[in-house]
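Heads up, the thing below is written out as structure tokens.
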Amino acid sequence: MLTLHQLNTPKKIGTIPAKVVKHHWLHLKISSMIQTDKKKKSKSFEWLLLLYLICPQITAQGQNKTTANTEPIAGLILPPNFSSSIIADKLGHARHIAITPQGDIFVRLSQPVNGKGTLVLHEQDGTAATTNGFGNFGGTGIAIKNGYLYTSSNEEVFRYKLNEKNEVIDAANPERIVTGLIDRGQHETKSLVLDNEGNLYVNIGAYSNSCQVQDRTPGSKGRQPCNILDSAGGIWMFRADKKDQSYADGIRYATGLRNVVGLDWNQQLNQLFVMQHGRDQLHDLFPDMYSIQQSSELPAECLYALKKGDNAGWPFIYYDPLQHKKILAPEYGGDGKKEGSNEYIDPVAAFPAHLAPNALLFYTGKMFPERYRNGAFIAFHGSWNRAPEPQAGFYVVFQPFENGKPSGKWEVFADGFSGSAAKTNSGRADHRPCGLAQGPDGSLYVSDDNKGTIYKIGYNAKTVALKPVAAAKAASAKPTAKAVKTEATTAKVASKPVTTTSFRTSFTGGKKLYTQYCLSCHQEDGGGVPNMNPPLIKTSYVQGDKTRLISVILTGLSRQKIDGETYTNVMAPYNFLNDKQIADLLTFIRNDFHNKASAVTPAEVKVVRAKK
């Protein structure tokens, strides 16, 4: 398919003003009917655009062949004849969801709201209202199986008995099925799924990026053996009906998985499938081996089909989607080219790096066209660590399957969650897809853990109306090196600091250090990533007490509230930097991004370091 951004934008077509042409440019896609001959291509384009602008009722009839449907209520970009709506909003940080045959929706919240970590919604007439809530613990995992509702905190798994209407009978007294699971504040969520034989599968994410001796520290070697794998970095299997199980009662079903948030049981194959979050910071940690661009493109986010005893290879290898190979990790002697051992399983499908796959769902409904049956939907939460390259993701993709195996290329199914191309490129999306569920009628539900929104996506083969909306246009345009600047980009220096020679030297040196060590998390404009990495723009931490700020660099930061907001990503200590480097880095941060604070000196860093 040839899209309009691949052609030169026309300044004017006939009597149609350039302003109108440019406005509609972002909404159109031209089908493969356009001939490759340049002259014929141009002529075909002009006629098609004229028809679209002047006679929308005519072009809409052929919509399923020529363009995506942009639905006005939810602002999502979908394939032809699909529609979407927002049925609930502002629920809290809505993670995974489960839907009963009666159409009630259970929503897990990462943090309880008013003392309730699981919400119950009832859908009627296009909206879903909260009817109940229970469980004073936050978390992610939720599933319905054989008359029970299963939920997880970050350390335990519970189940609630359901009545004949699939309503929770005794919300105040759940059975505790698993307890004592490790939670070190990094990759701590416990996603879960059940098979058909009474087994429960729980992800226990690795509390590390790559099992270094010093986590996320440049040049630090990998632990050998990686002791994290004893209690994390894999999938554990427990009985679904046995109370108070611990590690000793479970089985390490599969290992070598850094973190799995999205997982599902493939009923066609009777097999577990998982989506792994790949490692970060190849350039930051090994700048001599990897460029910034390579770091943004490596490694792949991988879909694995698991069997008991499988090893996916983390932290010893990663999957390179460009070379289509398992590559030995630099922490364990790799150089970006050496291949990893064949003892580690291959992924069955690979996706772009750092997009954070947070949900996996095999579609078994009958509402959608046949091609979707038994295929996989994947919700990508979106990246935060591709900078200075544009961020990407914030969409739901579809991976076709045939005979139980991926067949053909994956495709973006639902886009527009971020709100705009600028918000996608900056990583500051309005909405982040997190959970997926299939409704009793075959509809697809998507949860967003940024603003607590629940979307419902349906299909109607007779849909013909085309209603473009500004909120949806080009919301996840393919990232380019010349990404659209965001509003936060204006957070650059508004007024020049005092420019003594020593200050200029420190500021310049600090800028280089920021680019190498900080930019991938806090972004080029210092705006950070909501709920994940704190902004550096006029915050009390940046402009306030220098001693506290120096301590952050020396000791790291985890789940700290900054000006009323909590940020979940772990910042490793940067105490390997010398006193002057830390002083330069903080001087730059305190005098860029609209900040105007005093410089930090090596002597001040030395005093704080001595107390650690």
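Within each chain, counting starts at residue 1; across the structure tokens, chains are named A, B, ... in the order shown, with ligands numbered 1 upward in that order.
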Could you write out, as a tab-separated table (two decimals) with N, CA and C atoms, in the first residue's frame, all the residues of stretch 500-579 of chain A that DSSP marks as strand (DSSP E or B)?
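Below is the file that was written, states-v5.tsv:
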```tsv
chain	number	residue	atom	x	y	z
A	529	VAL	N	9.05	11.21	31.44
A	529	VAL	CA	7.93	10.42	30.94
A	529	VAL	C	6.92	10.29	32.08
A	533	ASN	N	9.49	8.35	34.45
A	533	ASN	CA	10.74	9.06	34.71
A	533	ASN	C	10.45	10.53	34.97
A	557	LEU	N	17.52	6.39	42.69
A	557	LEU	CA	16.18	6.80	43.11
A	557	LEU	C	15.18	5.71	42.73
A	561	LYS	N	8.35	10.15	45.49
A	561	LYS	CA	7.39	11.19	45.11
A	561	LYS	C	8.14	12.49	44.88
A	562	ILE	N	7.88	13.10	43.73
A	562	ILE	CA	8.51	14.37	43.39
A	562	ILE	C	7.41	15.36	43.06
A	565	GLU	N	4.00	13.68	42.59
A	565	GLU	CA	3.85	12.60	41.63
A	565	GLU	C	4.85	11.48	41.92
A	566	THR	N	4.41	10.23	41.77
A	566	THR	CA	5.28	9.08	41.96
A	566	THR	C	5.73	8.55	40.61
A	571	MET	N	16.02	4.44	39.04
A	571	MET	CA	17.24	5.11	38.58
A	571	MET	C	18.42	4.52	39.35
```
Would you mind listing what lies within 7 Å of A:Ile378 as an mmCIF file with N, CA, C and O atoms, in the first residue's frame, with only C-alpha atoms counted and same-chain residues fewer than 3 positions away left out?
```
data_model
loop_
_atom_site.group_PDB
_atom_site.id
_atom_site.type_symbol
_atom_site.label_atom_id
_atom_site.label_comp_id
_atom_site.auth_asym_id
_atom_site.auth_seq_id
_atom_site.Cartn_x
_atom_site.Cartn_y
_atom_site.Cartn_z
ATOM 1 N N PRO A 357 5.384 -4.475 25.405
ATOM 2 C CA PRO A 357 4.145 -5.236 25.212
ATOM 3 C C PRO A 357 3.511 -5.593 26.555
ATOM 4 O O PRO A 357 4.053 -6.391 27.308
ATOM 5 N N ALA A 359 0.091 -6.587 27.024
ATOM 6 C CA ALA A 359 -1.016 -7.549 27.015
ATOM 7 C C ALA A 359 -0.961 -8.373 25.745
ATOM 8 O O ALA A 359 -0.564 -7.890 24.680
ATOM 9 N N LEU A 360 -1.372 -9.634 25.882
ATOM 10 C CA LEU A 360 -1.434 -10.570 24.764
ATOM 11 C C LEU A 360 -2.789 -11.271 24.825
ATOM 12 O O LEU A 360 -3.207 -11.731 25.890
ATOM 13 N N LEU A 361 -3.488 -11.337 23.685
ATOM 14 C CA LEU A 361 -4.803 -11.961 23.654
ATOM 15 C C LEU A 361 -4.992 -12.718 22.346
ATOM 16 O O LEU A 361 -4.860 -12.140 21.263
ATOM 17 N N VAL A 396 -2.293 -0.972 19.512
ATOM 18 C CA VAL A 396 -2.589 -2.397 19.576
ATOM 19 C C VAL A 396 -2.308 -2.975 18.198
ATOM 20 O O VAL A 396 -2.784 -2.451 17.188
ATOM 21 N N VAL A 397 -1.526 -4.036 18.139
ATOM 22 C CA VAL A 397 -1.205 -4.655 16.858
ATOM 23 C C VAL A 397 -1.858 -6.027 16.768
ATOM 24 O O VAL A 397 -2.263 -6.611 17.779
ATOM 25 N N PHE A 398 -1.944 -6.508 15.539
ATOM 26 C CA PHE A 398 -2.478 -7.847 15.297
ATOM 27 C C PHE A 398 -1.430 -8.678 14.574
ATOM 28 O O PHE A 398 -0.856 -8.240 13.580
#
```
Quick one: residues within 8 Å of A:Gly439, only C-alpha atoms counted, chain neighbours fewer than 5 positions away excluded, as a ChimeraX atom specification?
/A:99-101,103,444-445
Spatial neighbours of stretch 162-176 of chain A, max dist 9 Å, only C-alpha atoms, sep filter under 4 positions, as a ChimeraX atom specification: /A:100-102,104,133-135,144,147-149,156-158,242-245
